[in-house]
file input-v1.cif (mmCIF, C-alpha atoms (C1' of nucleotides))
data_model
#
loop_
_atom_site.label_atom_id
_atom_site.label_comp_id
_atom_site.auth_asym_id
_atom_site.auth_seq_id
_atom_site.Cartn_x
_atom_site.Cartn_y
_atom_site.Cartn_z
CA MET G 1 -12.61 -16.26 -66.12
CA GLU G 2 -12.53 -12.53 -66.67
CA LYS G 3 -10.00 -10.32 -65.03
CA GLU G 4 -12.52 -8.37 -63.01
CA LYS G 5 -13.88 -11.53 -61.47
CA LYS G 6 -10.42 -12.84 -60.80
CA ALA G 7 -9.61 -9.67 -58.94
CA ARG G 8 -12.75 -10.00 -56.87
CA LEU G 9 -11.90 -13.52 -55.93
CA GLU G 10 -8.39 -12.70 -55.00
CA ALA G 11 -9.62 -9.80 -52.95
CA ARG G 12 -11.75 -12.32 -51.06
CA GLY G 13 -8.74 -14.48 -50.41
CA TRP G 14 -9.20 -17.16 -53.04
CA LYS G 15 -6.35 -18.57 -54.95
CA VAL G 16 -7.25 -18.53 -58.59
CA GLY G 17 -6.06 -21.03 -61.12
CA SER G 18 -7.29 -23.72 -63.42
CA THR G 19 -9.30 -26.37 -61.68
CA GLU G 20 -7.08 -29.25 -62.52
CA ASP G 21 -3.76 -27.87 -61.55
CA PHE G 22 -3.63 -27.62 -57.83
CA LEU G 23 -0.25 -26.01 -57.84
CA GLY G 24 0.04 -23.75 -54.91
CA LEU G 25 -2.96 -25.14 -53.10
CA THR G 26 -2.45 -26.99 -49.87
CA PRO G 27 -4.04 -30.44 -49.75
CA GLU G 28 -6.82 -29.10 -47.64
CA GLU G 29 -7.50 -26.25 -50.00
CA SER G 30 -7.74 -28.56 -52.94
CA ALA G 31 -9.94 -30.97 -51.01
CA TYR G 32 -12.24 -28.07 -50.30
CA VAL G 33 -12.42 -26.94 -53.91
CA ASP G 34 -12.90 -30.47 -55.06
CA LEU G 35 -15.71 -31.01 -52.61
CA ARG G 36 -17.54 -27.97 -53.91
CA LEU G 37 -17.27 -29.24 -57.45
CA LYS G 38 -18.48 -32.70 -56.54
CA LEU G 39 -21.50 -31.27 -54.79
CA SER G 40 -22.43 -28.89 -57.56
CA ASP G 41 -22.14 -31.62 -60.16
CA ALA G 42 -24.36 -33.82 -58.04
CA VAL G 43 -26.98 -31.12 -57.73
CA ARG G 44 -27.27 -30.78 -61.46
CA GLU G 45 -27.37 -34.51 -62.00
CA LEU G 46 -29.95 -35.15 -59.36
CA ARG G 47 -32.10 -32.28 -60.52
CA LYS G 48 -32.07 -33.61 -64.06
CA GLU G 49 -32.73 -37.11 -62.85
CA LYS G 50 -35.85 -35.78 -61.18
CA ARG G 51 -36.67 -33.74 -64.26
CA LEU G 52 -36.98 -30.51 -62.41
CA THR G 53 -36.21 -27.10 -63.84
CA GLN G 54 -34.04 -24.67 -61.95
CA VAL G 55 -37.16 -22.70 -61.16
CA GLN G 56 -38.79 -25.74 -59.60
CA LEU G 57 -35.79 -26.58 -57.50
CA ALA G 58 -35.60 -22.94 -56.45
CA GLU G 59 -39.13 -23.18 -55.13
CA ARG G 60 -38.31 -26.21 -53.03
CA LEU G 61 -35.28 -24.48 -51.65
CA HIS G 62 -37.10 -21.18 -51.15
CA SER G 63 -34.51 -19.62 -53.34
CA SER G 64 -34.39 -18.27 -56.88
CA GLN G 65 -33.56 -19.56 -60.34
CA SER G 66 -30.46 -17.45 -60.57
CA ARG G 67 -29.09 -18.88 -57.38
CA ILE G 68 -29.65 -22.43 -58.59
CA ALA G 69 -27.68 -21.58 -61.70
CA LYS G 70 -24.87 -20.33 -59.50
CA ILE G 71 -25.04 -23.43 -57.34
CA GLU G 72 -24.63 -25.65 -60.36
CA ALA G 73 -21.78 -23.51 -61.56
CA ALA G 74 -20.11 -23.76 -58.15
CA ASP G 75 -20.04 -19.99 -58.17
CA GLU G 76 -17.80 -18.47 -55.52
CA THR G 77 -20.71 -16.72 -53.89
CA VAL G 78 -22.30 -20.07 -53.04
CA SER G 79 -21.52 -21.67 -49.71
CA LEU G 80 -21.12 -25.36 -48.95
CA ASP G 81 -24.17 -24.88 -46.80
CA LEU G 82 -26.29 -24.04 -49.79
CA LEU G 83 -24.80 -26.80 -51.92
CA ILE G 84 -25.65 -29.37 -49.31
CA ARG G 85 -29.09 -27.98 -48.62
CA SER G 86 -29.76 -28.24 -52.33
CA LEU G 87 -29.01 -31.93 -52.31
CA LEU G 88 -31.19 -32.44 -49.26
CA ALA G 89 -33.99 -30.53 -50.99
CA LEU G 90 -33.61 -32.96 -53.86
CA GLY G 91 -34.27 -35.78 -51.44
CA ALA G 92 -30.73 -37.00 -50.93
CA SER G 93 -30.12 -38.93 -47.71
CA SER G 94 -27.00 -38.83 -45.57
CA LYS G 95 -25.75 -41.91 -47.31
CA ASP G 96 -26.36 -40.32 -50.66
CA LEU G 97 -24.38 -37.31 -49.57
CA ALA G 98 -21.60 -39.54 -48.37
CA LYS G 99 -21.45 -41.27 -51.73
CA VAL G 100 -21.16 -37.98 -53.53
CA ILE G 101 -18.43 -36.76 -51.23
CA ALA G 102 -16.46 -39.98 -51.31
CA GLY G 103 -16.70 -40.29 -55.07
CA HIS G 104 -14.49 -38.91 -57.76
CA ARG G 105 -15.50 -35.88 -59.73
CA GLY G 106 -17.03 -37.07 -62.95
CA ASP G 107 -18.64 -40.07 -61.29
CA ARG G 108 -22.20 -40.46 -62.42
CA TYR G 109 -24.93 -40.55 -59.85
CA GLY G 110 -28.55 -40.24 -60.77
CA ALA G 111 -30.30 -43.55 -60.49
CA ASN G 112 -27.88 -44.67 -57.80
CA LEU G 113 -28.92 -41.94 -55.49
CA LEU G 114 -32.58 -42.30 -56.17
CA THR G 115 -33.32 -45.70 -54.83
CA SER G 116 -34.22 -44.93 -51.27
CA PHE G 117 -36.87 -42.27 -51.39
CA SER G 118 -40.06 -41.50 -53.12
CA THR G 119 -40.58 -38.10 -54.65
CA PRO G 120 -40.42 -35.55 -51.82
CA ARG G 121 -43.48 -33.43 -51.22
CA MET K 1 -31.17 -23.49 -23.93
CA GLU K 2 -32.01 -20.12 -22.49
CA LYS K 3 -35.01 -18.17 -23.59
CA GLU K 4 -33.02 -15.30 -25.02
CA LYS K 5 -31.07 -17.63 -27.25
CA LYS K 6 -34.19 -19.45 -28.28
CA ALA K 7 -35.72 -16.17 -29.33
CA ARG K 8 -32.63 -15.31 -31.36
CA LEU K 9 -32.77 -18.61 -33.14
CA GLU K 10 -36.39 -18.37 -33.92
CA ALA K 11 -35.87 -14.86 -35.20
CA ARG K 12 -33.33 -16.34 -37.60
CA GLY K 13 -35.83 -18.87 -38.80
CA TRP K 14 -34.71 -21.93 -36.90
CA LYS K 15 -37.16 -24.32 -35.42
CA VAL K 16 -36.17 -24.92 -31.87
CA GLY K 17 -36.77 -28.13 -30.01
CA SER K 18 -34.97 -30.96 -28.34
CA THR K 19 -32.50 -32.67 -30.59
CA GLU K 20 -34.06 -36.07 -30.48
CA ASP K 21 -37.60 -35.21 -31.19
CA PHE K 22 -37.85 -34.17 -34.76
CA LEU K 23 -41.50 -33.31 -34.45
CA GLY K 24 -42.33 -30.52 -36.78
CA LEU K 25 -39.15 -30.79 -38.79
CA THR K 26 -39.35 -31.91 -42.36
CA PRO K 27 -37.07 -34.83 -43.22
CA GLU K 28 -34.69 -32.47 -44.90
CA GLU K 29 -34.56 -30.16 -41.93
CA SER K 30 -33.76 -32.99 -39.59
CA ALA K 31 -31.15 -34.36 -41.97
CA TYR K 32 -29.55 -30.95 -41.94
CA VAL K 33 -29.52 -30.66 -38.17
CA ASP K 34 -28.27 -34.19 -37.84
CA LEU K 35 -25.47 -33.53 -40.27
CA ARG K 36 -24.29 -30.55 -38.28
CA LEU K 37 -24.22 -32.62 -35.13
CA LYS K 38 -22.31 -35.44 -36.77
CA LEU K 39 -19.72 -33.04 -38.07
CA SER K 40 -19.25 -31.21 -34.80
CA ASP K 41 -18.88 -34.46 -32.91
CA ALA K 42 -16.29 -35.57 -35.41
CA VAL K 43 -14.32 -32.37 -35.02
CA ARG K 44 -14.03 -32.86 -31.31
CA GLU K 45 -13.12 -36.50 -31.63
CA LEU K 46 -10.53 -35.94 -34.27
CA ARG K 47 -9.02 -33.04 -32.42
CA LYS K 48 -8.71 -35.11 -29.27
CA GLU K 49 -7.33 -38.01 -31.24
CA LYS K 50 -4.60 -35.70 -32.47
CA ARG K 51 -4.16 -34.31 -28.99
CA LEU K 52 -4.62 -30.74 -30.04
CA THR K 53 -6.09 -28.01 -27.88
CA GLN K 54 -8.77 -25.73 -29.23
CA VAL K 55 -6.15 -23.02 -29.44
CA GLN K 56 -3.94 -25.19 -31.63
CA LEU K 57 -6.74 -26.13 -33.96
CA ALA K 58 -7.74 -22.47 -34.13
CA GLU K 59 -4.25 -21.65 -35.37
CA ARG K 60 -4.45 -24.22 -38.14
CA LEU K 61 -7.81 -22.89 -39.17
CA HIS K 62 -6.75 -19.26 -38.84
CA SER K 63 -9.57 -18.84 -36.42
CA SER K 64 -9.92 -18.41 -32.66
CA GLN K 65 -10.37 -20.62 -29.62
CA SER K 66 -13.84 -19.32 -28.99
CA ARG K 67 -14.93 -20.23 -32.47
CA ILE K 68 -13.60 -23.75 -32.10
CA ALA K 69 -15.63 -24.10 -28.94
CA LYS K 70 -18.69 -23.01 -30.88
CA ILE K 71 -17.90 -25.41 -33.69
CA GLU K 72 -17.75 -28.31 -31.28
CA ALA K 73 -20.98 -27.16 -29.69
CA ALA K 74 -22.61 -26.97 -33.13
CA ASP K 75 -23.49 -23.40 -32.27
CA GLU K 76 -26.06 -21.87 -34.58
CA THR K 77 -23.65 -19.19 -35.68
CA VAL K 78 -21.38 -21.83 -37.19
CA SER K 79 -21.87 -22.76 -40.84
CA LEU K 80 -21.48 -26.17 -42.42
CA ASP K 81 -18.65 -24.57 -44.32
CA LEU K 82 -16.70 -24.00 -41.15
CA LEU K 83 -17.51 -27.42 -39.76
CA ILE K 84 -16.19 -29.08 -42.86
CA ARG K 85 -13.15 -26.86 -43.11
CA SER K 86 -12.35 -27.82 -39.55
CA LEU K 87 -12.29 -31.48 -40.43
CA LEU K 88 -10.13 -30.79 -43.45
CA ALA K 89 -7.77 -28.78 -41.26
CA LEU K 90 -7.54 -31.82 -39.03
CA GLY K 91 -6.34 -33.81 -42.01
CA ALA K 92 -9.55 -35.61 -42.88
CA SER K 93 -9.82 -36.83 -46.47
CA SER K 94 -12.94 -36.92 -48.62
CA LYS K 95 -13.45 -40.50 -47.65
CA ASP K 96 -13.11 -39.64 -44.01
CA LEU K 97 -15.72 -36.95 -44.45
CA ALA K 98 -17.99 -39.40 -46.18
CA LYS K 99 -17.67 -41.84 -43.31
CA VAL K 100 -18.62 -39.20 -40.82
CA ILE K 101 -21.60 -38.11 -42.85
CA ALA K 102 -22.84 -41.60 -43.56
CA GLY K 103 -22.43 -42.72 -39.97
CA HIS K 104 -24.84 -42.48 -37.10
CA ARG K 105 -24.47 -39.84 -34.47
CA GLY K 106 -22.65 -41.37 -31.57
CA ASP K 107 -20.47 -43.51 -33.83
CA ARG K 108 -16.89 -43.37 -32.71
CA TYR K 109 -14.28 -42.29 -35.16
CA GLY K 110 -10.83 -41.42 -34.05
CA ALA K 111 -8.42 -44.13 -35.06
CA ASN K 112 -10.60 -45.10 -38.01
CA LEU K 113 -10.19 -41.75 -39.60
CA LEU K 114 -6.55 -41.48 -38.89
CA THR K 115 -5.14 -44.31 -40.91
CA SER K 116 -4.51 -42.65 -44.19
CA PHE K 117 -2.44 -39.60 -43.51
CA SER K 118 0.54 -38.58 -41.55
CA THR K 119 0.35 -35.62 -39.25
CA PRO K 120 -0.34 -32.54 -41.37
CA ARG K 121 2.21 -29.76 -41.19
"C1'" DT V 1 -39.58 -14.49 -87.66
"C1'" DG V 2 -41.41 -14.24 -82.90
"C1'" DA V 3 -42.60 -16.09 -78.66
"C1'" DC V 4 -41.50 -18.96 -74.98
"C1'" DG V 5 -39.08 -21.94 -71.70
"C1'" DG V 6 -34.82 -22.86 -69.60
"C1'" DC V 7 -30.42 -21.39 -68.10
"C1'" DA V 8 -26.46 -17.90 -67.15
"C1'" DT V 9 -24.58 -13.75 -65.14
"C1'" DG V 10 -24.34 -9.21 -62.76
"C1'" DT V 11 -25.93 -6.34 -58.97
"C1'" DC V 12 -27.35 -5.13 -54.43
"C1'" DA V 13 -29.74 -4.42 -49.87
"C1'" DA V 14 -30.75 -7.38 -46.13
"C1'" DG V 15 -29.25 -10.70 -43.32
"C1'" DA V 16 -25.86 -14.31 -41.71
"C1'" DT V 17 -21.14 -15.64 -40.44
"C1'" DT V 18 -16.56 -14.67 -38.86
"C1'" DG V 19 -12.33 -13.70 -35.96
"C1'" DA V 20 -11.22 -11.34 -32.10
"C1'" DC V 21 -11.89 -10.03 -27.57
"C1'" DA V 22 -13.53 -10.18 -22.76
"C1'" DT V 23 -14.85 -12.94 -19.35
"C1'" DA V 24 -16.27 -16.97 -16.79
"C1'" DC V 25 -16.16 -21.80 -15.73
"C1'" DT V 26 -13.76 -26.35 -14.60
"C1'" DC V 27 -10.16 -29.19 -13.69
"C1'" DT V 28 -5.62 -30.55 -11.92
"C1'" DG V 29 -1.36 -30.17 -9.51
"C1'" DG V 30 1.06 -27.99 -5.81
"C1'" DC J 1 -6.31 -22.32 -1.42
"C1'" DC J 2 -3.94 -20.66 -5.78
"C1'" DA J 3 -2.39 -20.69 -10.45
"C1'" DG J 4 -2.53 -22.12 -14.91
"C1'" DA J 5 -4.39 -24.71 -18.85
"C1'" DG J 6 -8.25 -25.75 -21.37
"C1'" DT J 7 -12.84 -24.78 -22.60
"C1'" DA J 8 -17.42 -22.13 -22.83
"C1'" DT J 9 -20.27 -18.10 -23.84
"C1'" DG J 10 -21.58 -13.37 -25.17
"C1'" DT J 11 -20.68 -9.40 -28.12
"C1'" DC J 12 -19.57 -6.82 -32.19
"C1'" DA J 13 -17.61 -4.67 -36.48
"C1'" DA J 14 -16.05 -6.38 -40.76
"C1'" DT J 15 -17.00 -9.38 -44.21
"C1'" DC J 16 -19.52 -12.78 -46.77
"C1'" DT J 17 -23.82 -14.91 -48.40
"C1'" DT J 18 -28.47 -14.66 -49.89
"C1'" DG J 19 -32.89 -14.01 -52.53
"C1'" DA J 20 -34.60 -11.13 -55.71
"C1'" DC J 21 -34.44 -8.71 -59.79
"C1'" DA J 22 -32.91 -7.37 -64.48
"C1'" DT J 23 -31.25 -8.89 -68.47
"C1'" DG J 24 -29.10 -11.72 -71.98
"C1'" DC J 25 -28.29 -16.13 -74.47
"C1'" DC J 26 -29.75 -20.36 -76.72
"C1'" DG J 27 -32.98 -23.87 -78.50
"C1'" DT J 28 -37.46 -25.19 -80.15
"C1'" DC J 29 -41.80 -24.88 -82.01
"C1'" DA J 30 -45.12 -22.80 -84.95
#
call {"tool": "encode", "arguments": {"input": "input-v1.cif", "output": "structure tokens"}}
result
Amino acid sequence: MEKEKKARLEARGWKVGSTEDFLGLTPEESAYVDLRLKLSDAVRELRKEKRLTQVQLAERLHSSQSRIAKIEAADETVSLDLLIRSLLALGASSKDLAKVIAGHRGDRYGANLLTSFSTPR
Amino acid sequence: MEKEKKARLEARGWKVGSTEDFLGLTPEESAYVDLRLKLSDAVRELRKEKRLTQVQLAERLHSSQSRIAKIEAADETVSLDLLIRSLLALGASSKDLAKVIAGHRGDRYGANLLTSFSTPR
DNA sequence: TGACGGCATGTCAAGATTGACATACTCTGG
DNA sequence: CCAGAGTATGTCAATCTTGACATGCCGTCA
């Protein structure tokens, strides 16, 4: 992380630190960060599982390739809203979402989340 | 819903209709709406379970009473971000969140979601 | 080597969300 | 009836988020 970016984040009220060490984060702050990471990981996995490019997913979401890249990077300018809408656009159901959220980061999804729906659209 | 509000929503790109009839909503749109409703219901239930007033929850969230009211009403000006942060502020864990999201609207939470943590703060 | 497809990163104007405030409504107890 | 607590609803300036665009990087294929 470059210093300019760090400054921007801090200006926006984020606490900046390595992902793994939650020192100085309240439990709810770390739960929030963790949630974002779980969702962004799941987006990338599900997209790959469906063999879509970022451009293709962007079309489904009515968004742009660059924003998909940011989503998958859990960029700070991406809201939980957009993360979740990405999963829904990939065809995830509520139960799929729940699995992602309940799981640990690093858990593999993919086939597991693709049992209950045919290819959307 | 009053006509003025309806117009505002439509201007913002929402499809407006009764909650139960999903006519005209794509599956992903209705999943999104449904998710918001599940989360807002859970906020109210969990807050009541903890016997907090809206003012007290607002303090924990560094927000205001009026915004809590809007959260619990699933007001259109409230993001998923804020809904989820509210649950986290109420002490919900990832697994608790997952239960809410996986569940059906109308499911009762409360005690079920309050087994794994002591009163925050 | 060059061209191309896929992904990453920065920027920004347009639009959405937020906390705060004012105000109104609804109970409940006295 | 009144007062107070709790909740609902509208408004708005400040702030954040978004899609779009430009551009760069990395593989791969010919």
call {"tool": "interface_residues", "arguments": {"input": "input-v1.cif", "of": "chain K", "to": "chain V", "cutoff": "8 Å", "atoms": "all atoms listed in the file", "output": "JSON list (two decimals) with C-alpha atoms, in the coordinates of the input"}}
result
[["chain", "number", "residue", "atom", "x", "y", "z"],
["K", 63, "SER", "CA", -9.57, -18.84, -36.42],
["K", 64, "SER", "CA", -9.92, -18.41, -32.66],
["K", 67, "ARG", "CA", -14.93, -20.23, -32.47],
["K", 77, "THR", "CA", -23.65, -19.19, -35.68],
["K", 78, "VAL", "CA", -21.38, -21.83, -37.19],
["K", 79, "SER", "CA", -21.87, -22.76, -40.84]]
call {"tool": "interface_residues", "arguments": {"input": "input-v1.cif", "of": "chain K", "to": "chain J", "cutoff": "8 Å", "atoms": "only C-alpha atoms (C1' of nucleotides)", "output": "number ranges by chain"}}
result
K: 53-54, 66, 69
call {"tool": "interface_residues", "arguments": {"input": "input-v1.cif", "of": "chain G", "to": "chain K", "cutoff": "6 Å", "atoms": "all atoms listed in the file", "output": "PyMOL selection string"}}
result
chain G and resi 28+80-81+88+94-95+98+101-102
call {"tool": "closest_residue", "arguments": {"input": "input-v1.cif", "among": "K:Leu61, K:Leu25, K:Asp41, K:Arg47", "to": "Arg108 in chain K", "atoms": "all atoms listed in the file"}}
result
K:Asp41
call {"tool": "atom_distance", "arguments": {"input": "input-v1.cif", "atom1": "CA of Ala73 in chain K", "atom2": "CA of Val43 in chain K"}}
result
10.0 Å
call {"tool": "atom_distance", "arguments": {"input": "input-v1.cif", "atom1": "CA of Glu49 in chain K", "atom2": "CA of Val33 in chain K"}}
result
24.4 Å
